[in-house]
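For reference, the structure discussed in these notes is given below.
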Amino acid sequence: MSAGDLVSARLGVDLGHVPGLDALYRMVETVPCPSNRGKPLGAKSVRHVHNILSGALEAAVTKNLIPKNPAATASPPTTRQIKSQQRKFVTLDNADSAAFLEDIWTPCGQRDCGPLHFCTRDAPLWTTYTATAVRRSEALGMMWDLAHWDECAIELEWVVVEIGNKSVLRRLTKDGDDNAIIYVDPAVMNVLKVQREHQELWKERLGSRWVEHGLVFARDGYLLRDDGITPGGPQDAGQVSARWRTTRKKLDLPPRFRLHDWRHSKVTNDLDAGENPVEVSANVRHHSPGYTMAQYGKRRVQGARKLASGTAQRIGLGRIG
């Protein structure tokens with residue numbers, strides 16, 4: 001099987017006969033890919049394809065199946081090309097984040113407004129994203145028995161992920177034997193207590209319809225549909241994102257601001273505030289502080305202005321003229 005056949009089988013794309021790896025790479029950068037929502041592969045994905053092929057072909061050289069590795073002289077996308085395609089993340093500063101939290105916890109004041117009303121339905125969930133920088137899947141997979149109240153810590157063992165058209169609960173992929181643990185302020189634990197109070201009210205209202213899974217942010221009883229998602233089970237991840245888009249528009253947040261961008265916002269704000277990069281990196285489960293600072297320290301303009309101002313003050317630049 002040729003390299004083109006291998007990639008065709010993996011991506012579900014009929015590449016035909018492609019002479020040479022360079023032609024193969026250029027083709028997958030332009031041919032619609034069913035596994036990528038009908039869009040061609042980006043430079044980073046093509047680089048991954050090259051790395052996989054190169055490793056497989058190098059193994060064939062080691063076993064004397066082929067005389068040399070053709071990937072060694074190929075031209076996959078460069079680091080500069082990959083960076084040029086990287087999305088510019090939208091972030092909110094501390095003041096905007098504080099205003100957001102105040103808005104989502106403010107009751108609408110309608111006659112039927114109460115603890116289970118839709119106006120503050122997602123306030124605990126949105127607050128968790130804002131304050132902890134967890135991923136969407138991690139928050140939806142949080143379990144009550146993994147919340148360490150005395151230590152103000154949350155253990156992450158489960159995630160809710162989309163597989164096909166369904167959202168399912170599965171164990172979090174991890175490198176070591178222990179679960180990831182994030183440490184939070186007591187105020188975050190108080191938010192979880194509010195969520196538990198709301199959940200108990202739903203259990204009382206729904207009775208036997210509630211199917212207990214131990215989830216902190218389980219599917220509640222609001223506008224239940226006959227779609228196989230039962231109260232008490234995992235929330236539909238796509239519906240959570242849809243509700244976020246509604247909230248984003250209602251509160252006039254940047255139109256491209258995703259749930260995941262709370263993660264970028266928190267890390268950027270922490271780094272800007274001079275917090276320990278080692279702790280910042282560890283609490284978002286990155287492999288190194290260097291990666292965290294390179295990927296998430298995005299406020300170049302503000303940082304550069306602060307640096308320029310500090311330099312000018314230290315050397316007495318203001319006294320000139």
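Just remember, in the structure tokens the first chain shown is A, the second B, etc., residues are 1-based per chain, and ligands are 1-based in the order shown.
For region 121-123 of chain A, the list of residues within 9 Å, based on only C-alpha atoms and with local chain neighbours fewer than 3 positions off taken out, reads Leu101, Ile104, Trp105, Pro115, Leu116, His117, Phe118, Trp126, Thr127, Thr128, Val191, Gln195, His198, Tyr222, Arg243 and Trp244 of chain A.
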Residue neighbourhood Ser54 (chain A), 10 Å, only C-alpha atoms, exclusion window fewer than 3 positions, as a PyMOL selection string
chain A and resi 3+48-51+57-60+69-72+74
Please identify the alpha helix (DSSP H) residues within region 49-295 of chain A (assignment by DSSP from backbone atoms) and present them as a PyMOL selection string.
chain A and resi 49-62+79-85+94-104+123-132+136-140+186-206+237-250+261-272+277-283+289-295
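Inside region 68-213 of chain A, the residues DSSP reads as strand (DSSP E) when given the backbone are Ala147, His148, Ala153, Ile154, Glu155, Leu156, Trp158, Val159, Val160, Val161, Glu162, Ile163, Lys166, Ser167, Val168, Leu169, Arg170, Arg171, Ala180, Ile181, Ile182 and Tyr183 of chain A.
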